[in-house]
>>> print(open('target18.cif').read())   # mmCIF, C-alpha atoms (C1' of nucleotides)
data_protein
loop_
_atom_site.group_PDB
_atom_site.id
_atom_site.type_symbol
_atom_site.label_atom_id
_atom_site.label_comp_id
_atom_site.auth_asym_id
_atom_site.auth_seq_id
_atom_site.Cartn_x
_atom_site.Cartn_y
_atom_site.Cartn_z
ATOM 1 C CA MET G 248 0.000 0.000 0.000
ATOM 2 C CA HIS G 249 1.027 3.601 -0.454
ATOM 3 C CA PRO G 250 2.009 5.635 2.558
ATOM 4 C CA ALA G 251 -0.563 8.219 3.567
ATOM 5 C CA PRO G 252 0.202 11.649 2.129
ATOM 6 C CA THR G 253 1.394 14.343 4.495
ATOM 7 C CA GLU G 254 -0.450 17.625 4.692
ATOM 8 C CA SER G 255 1.705 19.299 2.055
ATOM 9 C CA GLU G 256 1.510 16.313 -0.185
ATOM 10 C CA LEU G 257 -2.237 16.310 0.187
ATOM 11 C CA ARG G 258 -2.379 19.903 -0.988
ATOM 12 C CA ILE G 259 -0.513 18.895 -4.119
ATOM 13 C CA LEU G 260 -2.711 15.861 -4.678
ATOM 14 C CA GLY G 261 -5.735 18.135 -4.358
ATOM 15 C CA VAL G 262 -4.465 20.267 -7.195
ATOM 16 C CA LEU G 263 -3.752 17.242 -9.370
ATOM 17 C CA TRP G 264 -7.122 15.696 -8.613
ATOM 18 C CA ASP G 265 -8.883 18.905 -9.547
ATOM 19 C CA ALA G 266 -6.877 19.899 -12.579
ATOM 20 C CA GLY G 267 -5.461 16.686 -13.983
ATOM 21 C CA PRO G 268 -1.836 16.118 -15.071
ATOM 22 C CA LEU G 269 0.341 19.166 -14.488
ATOM 23 C CA THR G 270 3.944 20.266 -14.409
ATOM 24 C CA VAL G 271 5.637 21.314 -11.207
ATOM 25 C CA ARG G 272 5.413 24.921 -12.309
ATOM 26 C CA GLU G 273 1.670 24.678 -12.821
ATOM 27 C CA VAL G 274 1.115 22.995 -9.485
ATOM 28 C CA ASN G 275 3.261 25.547 -7.718
ATOM 29 C CA ASP G 276 1.430 28.430 -9.359
ATOM 30 C CA ARG G 277 -1.922 27.028 -8.298
ATOM 31 C CA LEU G 278 -0.720 26.501 -4.745
ATOM 32 C CA ASN G 279 0.430 30.082 -4.588
ATOM 33 C CA GLU G 280 -2.484 31.756 -6.311
ATOM 34 C CA ASP G 281 -4.387 31.400 -3.070
ATOM 35 C CA ARG G 282 -3.778 33.510 -0.003
ATOM 36 C CA GLY G 283 -0.523 35.173 0.959
ATOM 37 C CA LYS G 284 1.393 31.990 1.722
ATOM 38 C CA SER G 285 4.069 31.707 -0.942
ATOM 39 C CA ILE G 286 5.826 28.396 -1.506
ATOM 40 C CA GLY G 287 9.140 28.262 -3.346
ATOM 41 C CA TYR G 288 9.296 26.471 -6.645
ATOM 42 C CA THR G 289 12.019 24.069 -5.588
ATOM 43 C CA THR G 290 10.055 23.212 -2.489
ATOM 44 C CA THR G 291 7.163 22.003 -4.570
ATOM 45 C CA LEU G 292 9.557 20.248 -6.919
ATOM 46 C CA LYS G 293 11.198 18.383 -4.079
ATOM 47 C CA LEU G 294 7.882 17.361 -2.604
ATOM 48 C CA MET G 295 6.640 16.061 -5.914
ATOM 49 C CA GLN G 296 9.847 14.117 -6.411
ATOM 50 C CA LEU G 297 9.369 12.508 -3.020
ATOM 51 C CA MET G 298 5.761 11.771 -3.861
ATOM 52 C CA ALA G 299 6.864 10.066 -7.049
ATOM 53 C CA GLU G 300 9.230 7.867 -5.046
ATOM 54 C CA LYS G 301 6.411 6.972 -2.693
ATOM 55 C CA GLY G 302 4.088 6.156 -5.555
ATOM 56 C CA LEU G 303 1.615 8.915 -4.776
ATOM 57 C CA VAL G 304 2.120 10.445 -8.208
ATOM 58 C CA SER G 305 3.515 9.190 -11.482
ATOM 59 C CA ARG G 306 5.413 11.294 -13.939
ATOM 60 C CA ASP G 307 6.007 11.564 -17.602
ATOM 61 C CA VAL G 308 9.623 12.493 -18.200
ATOM 62 C CA SER G 309 9.486 12.592 -21.976
ATOM 63 C CA SER G 310 9.510 16.371 -22.210
ATOM 64 C CA ARG G 311 11.843 18.703 -20.393
ATOM 65 C CA SER G 312 9.113 19.801 -18.019
ATOM 66 C CA HIS G 313 8.004 16.605 -16.381
ATOM 67 C CA VAL G 314 4.273 16.059 -16.174
ATOM 68 C CA TYR G 315 2.889 14.667 -12.958
ATOM 69 C CA THR G 316 -0.335 12.738 -12.468
ATOM 70 C CA ALA G 317 -2.005 11.648 -9.252
ATOM 71 C CA ALA G 318 -1.365 7.936 -8.860
ATOM 72 C CA VAL G 319 -3.743 7.353 -5.971
ATOM 73 C CA PRO G 320 -7.517 7.812 -6.162
ATOM 74 C CA ARG G 321 -9.147 10.713 -4.401
ATOM 75 C CA LYS G 322 -11.864 8.673 -2.726
ATOM 76 C CA GLY G 323 -9.608 5.906 -1.532
ATOM 77 C CA THR G 324 -7.123 8.386 -0.131
ATOM 78 C CA GLN G 325 -9.826 10.339 1.643
ATOM 79 C CA GLU G 326 -11.201 7.117 3.034
ATOM 80 C CA GLY G 327 -7.802 6.218 4.460
ATOM 81 C CA LEU G 328 -7.303 9.638 5.973
ATOM 82 C CA LEU G 329 -10.807 9.564 7.363
ATOM 83 C CA ASN G 330 -10.091 6.276 9.064
ATOM 84 C CA ARG G 331 -6.972 7.583 10.712
ATOM 85 C CA PHE G 332 -8.728 10.730 11.753
ATOM 86 C CA VAL G 333 -11.826 9.117 13.187
ATOM 87 C CA ASN G 334 -9.611 6.801 15.202
ATOM 88 C CA ALA G 335 -7.381 9.566 16.467
ATOM 89 C CA ALA G 336 -10.012 12.152 17.281
ATOM 90 C CA PHE G 337 -13.321 10.331 17.713
ATOM 91 C CA GLY G 338 -12.366 7.039 19.269
ATOM 92 C CA GLY G 339 -13.204 5.289 16.038
ATOM 93 C CA SER G 340 -16.847 6.343 15.958
ATOM 94 C CA ARG G 341 -17.848 7.630 12.550
ATOM 95 C CA THR G 342 -21.268 8.435 13.897
ATOM 96 C CA GLU G 343 -19.807 10.765 16.490
ATOM 97 C CA LEU G 344 -17.848 12.464 13.770
ATOM 98 C CA VAL G 345 -20.904 12.864 11.562
ATOM 99 C CA LEU G 346 -22.959 14.311 14.369
ATOM 100 C CA ARG G 347 -20.193 16.770 15.170
ATOM 101 C CA ALA G 348 -19.705 17.646 11.514
ATOM 102 C CA LEU G 349 -23.363 18.478 11.035
ATOM 103 C CA GLY G 350 -23.851 20.009 14.433
ATOM 104 C CA ASN G 351 -22.492 23.405 13.581
ATOM 105 C CA GLY G 352 -25.356 24.135 11.221
ATOM 106 C CA GLU G 353 -23.118 24.834 8.287
ATOM 107 C CA ALA G 354 -24.704 22.375 5.897
ATOM 108 C CA SER G 355 -27.181 23.811 3.429
ATOM 109 C CA ALA G 356 -30.710 22.518 3.032
ATOM 110 C CA ALA G 357 -29.683 20.804 -0.178
ATOM 111 C CA ASP G 358 -26.766 19.132 1.606
ATOM 112 C CA LEU G 359 -29.094 17.821 4.259
ATOM 113 C CA VAL G 360 -31.434 16.411 1.665
ATOM 114 C CA GLU G 361 -28.557 14.654 -0.006
ATOM 115 C CA ILE G 362 -27.417 13.163 3.250
ATOM 116 C CA LYS G 363 -30.934 12.053 4.077
ATOM 117 C CA GLN G 364 -31.168 10.325 0.729
ATOM 118 C CA LEU G 365 -27.950 8.458 1.401
ATOM 119 C CA ILE G 366 -29.287 7.380 4.754
ATOM 120 C CA GLU G 367 -32.506 6.134 3.198
ATOM 121 C CA LYS G 368 -30.486 4.131 0.748
ATOM 122 C CA LEU G 369 -28.360 2.672 3.522
ATOM 123 C CA GLU G 370 -31.436 1.738 5.499
ATOM 124 C CA ASN G 371 -32.999 0.022 2.532
ATOM 125 C CA GLY G 372 -29.772 -1.806 1.938
ATOM 126 C CA ASN G 373 -29.672 -2.963 5.536
ATOM 127 C CA ARG G 374 -33.197 -4.287 5.277
ATOM 128 C CA HIS G 375 -32.059 -6.868 2.781
ATOM 129 C CA ALA G 376 -28.641 -7.584 4.251
ATOM 130 C CA MET B 48 -6.303 30.010 22.021
ATOM 131 C CA HIS B 49 -4.541 26.731 22.767
ATOM 132 C CA PRO B 50 -2.462 25.115 20.083
ATOM 133 C CA ALA B 51 -4.055 22.061 18.539
ATOM 134 C CA PRO B 52 -2.866 18.839 20.159
ATOM 135 C CA THR B 53 -0.589 16.561 18.160
ATOM 136 C CA GLU B 54 -1.522 12.952 17.596
ATOM 137 C CA SER B 55 0.308 11.725 20.683
ATOM 138 C CA GLU B 56 -1.095 14.508 22.777
ATOM 139 C CA LEU B 57 -4.547 13.659 21.544
ATOM 140 C CA ARG B 58 -4.115 10.081 22.712
ATOM 141 C CA ILE B 59 -3.307 11.375 26.178
ATOM 142 C CA LEU B 60 -6.215 13.800 26.167
ATOM 143 C CA GLY B 61 -8.474 10.926 25.178
ATOM 144 C CA VAL B 62 -7.435 9.017 28.270
ATOM 145 C CA LEU B 63 -7.957 12.034 30.510
ATOM 146 C CA TRP B 64 -11.337 12.815 28.973
ATOM 147 C CA ASP B 65 -12.482 9.252 29.521
ATOM 148 C CA ALA B 66 -11.047 8.625 32.938
ATOM 149 C CA GLY B 67 -10.748 12.012 34.605
ATOM 150 C CA PRO B 68 -7.687 13.333 36.485
ATOM 151 C CA LEU B 69 -4.818 10.881 36.475
ATOM 152 C CA THR B 70 -1.128 10.635 37.244
ATOM 153 C CA VAL B 71 1.455 10.129 34.534
ATOM 154 C CA ARG B 72 1.810 6.531 35.612
ATOM 155 C CA GLU B 73 -1.887 5.892 35.243
ATOM 156 C CA VAL B 74 -2.040 7.533 31.844
ATOM 157 C CA ASN B 75 0.985 5.606 30.663
ATOM 158 C CA ASP B 76 -0.471 2.323 31.864
ATOM 159 C CA ARG B 77 -3.712 2.970 30.030
ATOM 160 C CA LEU B 78 -1.884 3.890 26.853
ATOM 161 C CA ASN B 79 0.067 0.679 27.025
ATOM 162 C CA GLU B 80 -2.685 -1.680 28.026
ATOM 163 C CA ASP B 81 -3.802 -1.660 24.403
ATOM 164 C CA ARG B 82 -2.018 -3.516 21.621
ATOM 165 C CA GLY B 83 1.681 -4.309 21.431
ATOM 166 C CA LYS B 84 2.890 -0.706 21.102
ATOM 167 C CA SER B 85 4.720 0.067 24.331
ATOM 168 C CA ILE B 86 5.493 3.665 25.261
ATOM 169 C CA GLY B 87 8.165 4.479 27.809
ATOM 170 C CA TYR B 88 7.143 6.138 31.033
ATOM 171 C CA THR B 89 9.421 9.134 30.606
ATOM 172 C CA THR B 90 8.082 9.630 27.113
ATOM 173 C CA THR B 91 4.589 10.076 28.440
ATOM 174 C CA LEU B 92 5.901 12.241 31.254
ATOM 175 C CA LYS B 93 7.678 14.526 28.849
ATOM 176 C CA LEU B 94 4.634 14.839 26.626
ATOM 177 C CA MET B 95 2.402 15.691 29.544
ATOM 178 C CA GLN B 96 4.879 18.289 30.757
ATOM 179 C CA LEU B 97 4.829 19.881 27.333
ATOM 180 C CA MET B 98 1.055 19.741 27.295
ATOM 181 C CA ALA B 99 0.961 21.521 30.635
ATOM 182 C CA GLU B 100 3.157 24.286 29.207
ATOM 183 C CA LYS B 101 0.824 24.599 26.248
ATOM 184 C CA GLY B 102 -2.225 24.756 28.475
ATOM 185 C CA LEU B 103 -3.745 21.534 27.174
ATOM 186 C CA VAL B 104 -3.702 20.037 30.652
ATOM 187 C CA SER B 105 -3.429 21.438 34.131
ATOM 188 C CA ARG B 106 -1.695 19.725 36.986
ATOM 189 C CA ASP B 107 -1.915 19.460 40.704
ATOM 190 C CA VAL B 108 1.591 19.394 42.158
ATOM 191 C CA SER B 109 0.613 19.119 45.786
ATOM 192 C CA SER B 110 1.470 15.452 46.078
ATOM 193 C CA ARG B 111 4.620 13.803 44.906
ATOM 194 C CA SER B 112 2.849 12.189 41.961
ATOM 195 C CA HIS B 113 1.411 15.094 40.049
ATOM 196 C CA VAL B 114 -2.181 14.756 38.981
ATOM 197 C CA TYR B 115 -3.094 15.903 35.506
ATOM 198 C CA THR B 116 -6.474 17.076 34.243
ATOM 199 C CA ALA B 117 -7.573 17.872 30.711
ATOM 200 C CA ALA B 118 -7.726 21.649 30.415
ATOM 201 C CA VAL B 119 -9.447 21.782 27.056
ATOM 202 C CA PRO B 120 -12.964 20.487 26.346
ATOM 203 C CA ARG B 121 -13.422 17.376 24.307
ATOM 204 C CA LYS B 122 -16.037 18.804 21.983
ATOM 205 C CA GLY B 123 -14.276 22.054 21.292
ATOM 206 C CA THR B 124 -11.042 20.248 20.582
ATOM 207 C CA GLN B 125 -12.730 17.801 18.260
ATOM 208 C CA GLU B 126 -14.430 20.688 16.510
ATOM 209 C CA GLY B 127 -11.079 22.368 15.902
ATOM 210 C CA LEU B 128 -9.469 19.197 14.641
ATOM 211 C CA LEU B 129 -12.458 18.528 12.442
ATOM 212 C CA ASN B 130 -12.123 21.940 10.872
ATOM 213 C CA ARG B 131 -8.486 21.415 10.052
ATOM 214 C CA PHE B 132 -9.193 17.978 8.711
ATOM 215 C CA VAL B 133 -12.122 18.896 6.527
ATOM 216 C CA ASN B 134 -10.083 21.690 5.034
ATOM 217 C CA ALA B 135 -7.043 19.531 4.414
ATOM 218 C CA ALA B 136 -8.766 16.445 3.074
ATOM 219 C CA PHE B 137 -12.188 17.477 1.796
ATOM 220 C CA GLY B 138 -11.642 20.938 0.414
ATOM 221 C CA GLY B 139 -13.588 22.379 3.317
ATOM 222 C CA SER B 140 -16.817 20.554 2.540
ATOM 223 C CA ARG B 141 -18.307 19.017 5.635
ATOM 224 C CA THR B 142 -21.021 17.501 3.538
ATOM 225 C CA GLU B 143 -18.499 15.617 1.451
ATOM 226 C CA LEU B 144 -16.920 14.326 4.607
ATOM 227 C CA VAL B 145 -20.260 13.216 6.018
ATOM 228 C CA LEU B 146 -21.204 11.425 2.840
ATOM 229 C CA ARG B 147 -17.864 9.643 2.814
ATOM 230 C CA ALA B 148 -18.079 8.817 6.491
ATOM 231 C CA LEU B 149 -21.461 7.179 6.085
ATOM 232 C CA GLY B 150 -20.761 5.672 2.714
ATOM 233 C CA ASN B 151 -18.930 2.632 3.967
ATOM 234 C CA GLY B 152 -22.061 1.234 5.552
ATOM 235 C CA GLU B 153 -20.518 0.951 8.970
ATOM 236 C CA ALA B 154 -23.144 2.951 10.802
ATOM 237 C CA SER B 155 -25.771 0.953 12.646
ATOM 238 C CA ALA B 156 -29.497 1.438 12.108
ATOM 239 C CA ALA B 157 -29.675 3.253 15.438
ATOM 240 C CA ASP B 158 -26.859 5.553 14.395
ATOM 241 C CA LEU B 159 -28.676 6.402 11.191
ATOM 242 C CA VAL B 160 -31.842 7.198 13.092
ATOM 243 C CA GLU B 161 -29.903 9.490 15.388
ATOM 244 C CA ILE B 162 -28.364 11.290 12.465
ATOM 245 C CA LYS B 163 -31.720 11.635 10.753
ATOM 246 C CA GLN B 164 -33.149 13.187 13.884
ATOM 247 C CA LEU B 165 -30.351 15.719 13.990
ATOM 248 C CA ILE B 166 -31.014 16.560 10.363
ATOM 249 C CA GLU B 167 -34.722 17.046 11.035
ATOM 250 C CA LYS B 168 -33.844 19.381 13.852
ATOM 251 C CA LEU B 169 -31.481 21.332 11.653
ATOM 252 C CA GLU B 170 -34.094 21.616 8.924
ATOM 253 C CA ASN B 171 -36.661 22.918 11.346
ATOM 254 C CA GLY B 172 -34.153 25.392 12.615
ATOM 255 C CA ASN B 173 -33.411 26.583 9.110
ATOM 256 C CA ARG B 174 -37.099 27.084 8.373
ATOM 257 C CA HIS B 175 -37.217 29.840 10.948
ATOM 258 C CA ALA B 176 -33.788 31.301 10.326
ATOM 259 C "C1'" DT X 141 19.751 4.280 58.240
ATOM 260 C "C1'" DT X 142 20.533 2.151 54.416
ATOM 261 C "C1'" DG X 143 18.929 0.778 50.163
ATOM 262 C "C1'" DC X 144 15.383 0.177 46.726
ATOM 263 C "C1'" DA X 145 11.428 1.813 44.166
ATOM 264 C "C1'" DA X 146 8.957 5.484 41.999
ATOM 265 C "C1'" DC X 147 8.829 10.250 40.755
ATOM 266 C "C1'" DT X 148 10.153 14.724 38.258
ATOM 267 C "C1'" DA X 149 13.258 17.486 35.386
ATOM 268 C "C1'" DC X 150 15.752 17.992 31.505
ATOM 269 C "C1'" DG X 151 19.008 17.438 27.680
ATOM 270 C "C1'" DA X 152 19.539 15.354 23.748
ATOM 271 C "C1'" DA X 153 19.025 11.616 20.074
ATOM 272 C "C1'" DT X 154 15.917 10.224 16.469
ATOM 273 C "C1'" DA X 155 12.561 10.729 13.165
ATOM 274 C "C1'" DC X 156 9.661 13.019 10.068
ATOM 275 C "C1'" DT X 157 8.330 17.117 7.341
ATOM 276 C "C1'" DT X 158 9.099 21.246 4.977
ATOM 277 C "C1'" DT X 159 11.958 24.517 2.988
ATOM 278 C "C1'" DC X 160 15.386 26.230 0.058
ATOM 279 C "C1'" DG X 161 20.242 27.064 -1.940
ATOM 280 C "C1'" DT X 162 23.236 25.634 -5.391
ATOM 281 C "C1'" DA X 163 24.890 23.003 -9.250
ATOM 282 C "C1'" DT X 164 23.934 21.740 -13.683
ATOM 283 C "C1'" DA X 165 21.448 21.075 -17.983
ATOM 284 C "C1'" DT X 166 18.332 22.643 -21.562
ATOM 285 C "C1'" DA X 167 15.643 25.797 -24.065
ATOM 286 C "C1'" DT X 168 14.708 30.612 -25.704
ATOM 287 C "C1'" DT X 169 15.622 35.245 -26.752
ATOM 288 C "C1'" DT X 170 18.443 38.921 -28.406
ATOM 289 C "C1'" DA Q 299 26.626 32.841 -30.055
ATOM 290 C "C1'" DA Q 300 26.005 34.874 -25.811
ATOM 291 C "C1'" DA Q 301 22.963 36.005 -22.346
ATOM 292 C "C1'" DT Q 302 18.836 34.906 -20.094
ATOM 293 C "C1'" DA Q 303 15.103 32.165 -18.440
ATOM 294 C "C1'" DT Q 304 13.512 27.793 -16.877
ATOM 295 C "C1'" DA Q 305 14.195 22.860 -15.749
ATOM 296 C "C1'" DT Q 306 15.782 18.959 -12.695
ATOM 297 C "C1'" DA Q 307 18.626 16.904 -9.024
ATOM 298 C "C1'" DC Q 308 20.223 16.844 -4.666
ATOM 299 C "C1'" DG Q 309 22.246 17.986 -0.189
ATOM 300 C "C1'" DA Q 310 21.307 20.009 3.718
ATOM 301 C "C1'" DA Q 311 19.265 23.418 6.978
ATOM 302 C "C1'" DA Q 312 15.270 24.357 9.730
ATOM 303 C "C1'" DG Q 313 11.124 23.157 12.004
ATOM 304 C "C1'" DT Q 314 8.301 19.972 14.553
ATOM 305 C "C1'" DA Q 315 7.177 15.633 16.960
ATOM 306 C "C1'" DT Q 316 8.537 11.688 19.517
ATOM 307 C "C1'" DT Q 317 11.400 8.997 22.270
ATOM 308 C "C1'" DC Q 318 14.327 7.960 25.920
ATOM 309 C "C1'" DG Q 319 18.607 8.136 29.027
ATOM 310 C "C1'" DT Q 320 20.320 10.010 33.057
ATOM 311 C "C1'" DA Q 321 20.546 12.807 37.104
ATOM 312 C "C1'" DG Q 322 18.641 14.045 41.153
ATOM 313 C "C1'" DT Q 323 14.749 13.772 44.731
ATOM 314 C "C1'" DT Q 324 11.509 11.736 47.750
ATOM 315 C "C1'" DG Q 325 9.048 8.001 50.093
ATOM 316 C "C1'" DC Q 326 9.100 3.458 51.885
ATOM 317 C "C1'" DA Q 327 10.686 -0.906 53.426
ATOM 318 C "C1'" DA Q 328 14.132 -3.972 55.213
#
>>> encode(input="target18.cif", output="structure tokens")
Amino acid sequence: MHPAPTESELRILGVLWDAGPLTVREVNDRLNEDRGKSIGYTTTLKLMQLMAEKGLVSRDVSSRSHVYTAAVPRKGTQEGLLNRFVNAAFGGSRTELVLRALGNGEASAADLVEIKQLIEKLENGNRHA
Amino acid sequence: MHPAPTESELRILGVLWDAGPLTVREVNDRLNEDRGKSIGYTTTLKLMQLMAEKGLVSRDVSSRSHVYTAAVPRKGTQEGLLNRFVNAAFGGSRTELVLRALGNGEASAADLVEIKQLIEKLENGNRHA
DNA sequence: TTGCAACTACGAATACTTTCGTATATATTT
DNA sequence: AAATATATACGAAAGTATTCGTAGTTGCAA
């Protein structure tokens, strides 16, 4: 299995997941186009090289500017991180986490409907399990 | 504000939240009574000393074995960690996180009912907002 | 009262993550 | 062709987290 991405690596994966295969320059630009925090080009380069070694990204070296692609799926990675997190912070209870995540009233009405629909589906599934 | 606890610190806070004020020895024993992973006594001591400096725990020094108490609330701490996590791993979308958290079908029927009830309450609240 | 057990304090080793400087190569512009 | 811009590679500094050894203190038991 791949090692879990660190926080910086996750930021880079997020860019690649959203925008598809990119060069280091493109990733670095996108990371920096947000808020004041400016990350050096070689910092991003180094991180992406390490990620390639770990298997988190793959790269196409055929042109001078190497093109990097996420090599791990978004959902699977999130699932892994979620597992670690729910264990570390919520004693392993996903339900506790869900209740806390919804409890601050930030979800929109449409979000709530979507969640309700998922729950209905889960309950129907359980009925036949 | 208090700095967010690290993963190790969170493990210690978890013990204190569950079991109330404890000595270093007691915390260390509880940490080690789980699986094979054995943590040295002075390691736990050092961590708890650092946590005291940070304000994550308070301690009663009146007896030779100092007694430590969690100085930050469980819910508030979880809320802070959840915020960081949802930003880092789910692009800030709590709804995405909730859908993923429920999506693995691990929640029990009772859990789902509880979540549905919270959603109903939120929807009623919104109606008047 | 001597010696052993348990405690705190603290420095420092280890490990992991992030950051960047510098060397070097390749393309592009003038 | 020379100067300039842009790439990669890589070592290493800096920052943070974790771990533990050792010294010194205090309580307790033989």
>>> residues_around(input="target18.cif", residues="X:DT159", least_positions_apart="2", cutoff="12 Å", atoms="only C-alpha atoms (C1' of nucleotides)", output="PyMOL selection string")
(chain G and resi 255+285-294) or (chain X and resi 157+161) or (chain Q and resi 310-313)
>>> residues_around(input="target18.cif", residues="stretch 144-147 of chain B", least_positions_apart="2", cutoff="10 Å", atoms="all atoms listed in the file", output="count of residues only")
32
>>> interface_residues(input="target18.cif", of="chain X", to="chain G", cutoff="12 Å", atoms="all atoms listed in the file", output="VMD selection string")
chain X and resid 156 to 162 165 to 167
>>> calpha_fit_and_write(input="target18.cif", fixed="chain G", moving="chain B", output="CSV table (one decimal) with C-alpha atoms, in the frame of the given file")
chain,number,residue,atom,x,y,z
B,48,MET,CA,-0.2,0.0,-0.2
B,49,HIS,CA,0.9,3.6,-0.6
B,50,PRO,CA,1.9,5.6,2.4
B,51,ALA,CA,-0.7,8.2,3.5
B,52,PRO,CA,0.1,11.6,2.1
B,53,THR,CA,1.3,14.3,4.5
B,54,GLU,CA,-0.5,17.6,4.7
B,55,SER,CA,1.7,19.2,2.1
B,56,GLU,CA,1.5,16.3,-0.2
B,57,LEU,CA,-2.3,16.3,0.2
B,58,ARG,CA,-2.4,19.9,-1.0
B,59,ILE,CA,-0.5,18.9,-4.1
B,60,LEU,CA,-2.7,15.9,-4.7
B,61,GLY,CA,-5.7,18.2,-4.4
B,62,VAL,CA,-4.4,20.3,-7.2
B,63,LEU,CA,-3.7,17.3,-9.4
B,64,TRP,CA,-7.1,15.8,-8.7
B,65,ASP,CA,-8.9,19.0,-9.6
B,66,ALA,CA,-6.8,20.0,-12.6
B,67,GLY,CA,-5.4,16.8,-14.1
B,68,PRO,CA,-1.8,16.2,-15.1
B,69,LEU,CA,0.4,19.3,-14.5
B,70,THR,CA,4.0,20.3,-14.4
B,71,VAL,CA,5.7,21.3,-11.2
B,72,ARG,CA,5.5,25.0,-12.2
B,73,GLU,CA,1.8,24.7,-12.8
B,74,VAL,CA,1.2,23.0,-9.5
B,75,ASN,CA,3.3,25.6,-7.7
B,76,ASP,CA,1.5,28.5,-9.3
B,77,ARG,CA,-1.8,27.1,-8.2
B,78,LEU,CA,-0.7,26.5,-4.7
B,79,ASN,CA,0.5,30.1,-4.5
B,80,GLU,CA,-2.4,31.8,-6.2
B,81,ASP,CA,-4.3,31.4,-3.0
B,82,ARG,CA,-3.7,33.6,0.1
B,83,GLY,CA,-0.4,35.2,1.1
B,84,LYS,CA,1.5,31.9,1.9
B,85,SER,CA,4.1,31.7,-0.8
B,86,ILE,CA,5.9,28.4,-1.4
B,87,GLY,CA,9.2,28.2,-3.2
B,88,TYR,CA,9.4,26.4,-6.5
B,89,THR,CA,12.1,24.0,-5.5
B,90,THR,CA,10.1,23.2,-2.4
B,91,THR,CA,7.2,22.0,-4.5
B,92,LEU,CA,9.6,20.2,-6.9
B,93,LYS,CA,11.2,18.3,-4.0
B,94,LEU,CA,7.9,17.3,-2.6
B,95,MET,CA,6.7,16.0,-5.9
B,96,GLN,CA,9.9,14.1,-6.4
B,97,LEU,CA,9.4,12.4,-3.0
B,98,MET,CA,5.7,11.7,-3.9
B,99,ALA,CA,6.8,10.1,-7.1
B,100,GLU,CA,9.2,7.8,-5.1
B,101,LYS,CA,6.4,6.9,-2.8
B,102,GLY,CA,4.0,6.1,-5.7
B,103,LEU,CA,1.6,8.9,-4.9
B,104,VAL,CA,2.1,10.5,-8.3
B,105,SER,CA,3.5,9.2,-11.5
B,106,ARG,CA,5.4,11.3,-14.0
B,107,ASP,CA,6.1,11.6,-17.6
B,108,VAL,CA,9.7,12.5,-18.2
B,109,SER,CA,9.6,12.6,-22.0
B,110,SER,CA,9.7,16.4,-22.2
B,111,ARG,CA,12.0,18.7,-20.4
B,112,SER,CA,9.3,19.8,-18.0
B,113,HIS,CA,8.1,16.6,-16.4
B,114,VAL,CA,4.4,16.1,-16.2
B,115,TYR,CA,2.9,14.7,-13.0
B,116,THR,CA,-0.3,12.8,-12.5
B,117,ALA,CA,-2.0,11.7,-9.3
B,118,ALA,CA,-1.4,8.0,-8.9
B,119,VAL,CA,-3.8,7.4,-6.1
B,120,PRO,CA,-7.6,7.9,-6.3
B,121,ARG,CA,-9.2,10.7,-4.5
B,122,LYS,CA,-11.9,8.7,-2.8
B,123,GLY,CA,-9.7,5.9,-1.6
B,124,THR,CA,-7.2,8.4,-0.2
B,125,GLN,CA,-9.9,10.4,1.5
B,126,GLU,CA,-11.3,7.1,2.9
B,127,GLY,CA,-7.9,6.2,4.4
B,128,LEU,CA,-7.3,9.6,5.9
B,129,LEU,CA,-10.8,9.6,7.3
B,130,ASN,CA,-10.1,6.3,9.0
B,131,ARG,CA,-7.0,7.6,10.6
B,132,PHE,CA,-8.8,10.8,11.7
B,133,VAL,CA,-11.8,9.2,13.1
B,134,ASN,CA,-9.6,6.9,15.1
B,135,ALA,CA,-7.4,9.6,16.4
B,136,ALA,CA,-10.0,12.2,17.2
B,137,PHE,CA,-13.3,10.4,17.6
B,138,GLY,CA,-12.4,7.2,19.2
B,139,GLY,CA,-13.2,5.4,16.0
B,140,SER,CA,-16.9,6.4,15.9
B,141,ARG,CA,-17.9,7.7,12.5
B,142,THR,CA,-21.3,8.5,13.9
B,143,GLU,CA,-19.8,10.8,16.4
B,144,LEU,CA,-17.8,12.5,13.7
B,145,VAL,CA,-20.9,12.9,11.5
B,146,LEU,CA,-23.0,14.3,14.3
B,147,ARG,CA,-20.2,16.8,15.1
B,148,ALA,CA,-19.7,17.7,11.4
B,149,LEU,CA,-23.4,18.5,11.0
B,150,GLY,CA,-23.9,20.1,14.3
B,151,ASN,CA,-22.5,23.4,13.5
B,152,GLY,CA,-25.4,24.1,11.1
B,153,GLU,CA,-23.2,24.8,8.2
B,154,ALA,CA,-24.8,22.3,5.8
B,155,SER,CA,-27.3,23.7,3.4
B,156,ALA,CA,-30.8,22.4,3.0
B,157,ALA,CA,-29.8,20.7,-0.2
B,158,ASP,CA,-26.9,19.1,1.6
B,159,LEU,CA,-29.2,17.8,4.3
B,160,VAL,CA,-31.5,16.3,1.7
B,161,GLU,CA,-28.6,14.6,0.0
B,162,ILE,CA,-27.5,13.1,3.3
B,163,LYS,CA,-31.0,12.0,4.1
B,164,GLN,CA,-31.2,10.2,0.8
B,165,LEU,CA,-28.0,8.4,1.5
B,166,ILE,CA,-29.3,7.3,4.8
B,167,GLU,CA,-32.6,6.0,3.3
B,168,LYS,CA,-30.5,4.0,0.9
B,169,LEU,CA,-28.4,2.6,3.6
B,170,GLU,CA,-31.4,1.7,5.7
B,171,ASN,CA,-33.0,-0.1,2.8
B,172,GLY,CA,-29.8,-1.9,2.2
B,173,ASN,CA,-29.7,-3.0,5.8
B,174,ARG,CA,-33.2,-4.3,5.7
B,175,HIS,CA,-32.1,-7.0,3.3
B,176,ALA,CA,-28.7,-7.7,4.7
>>> interface_residues(input="target18.cif", of="chain Q", to="chain B", cutoff="8 Å", atoms="only C-alpha atoms (C1' of nucleotides)", output="ChimeraX atom specification")
/Q:315-318,324
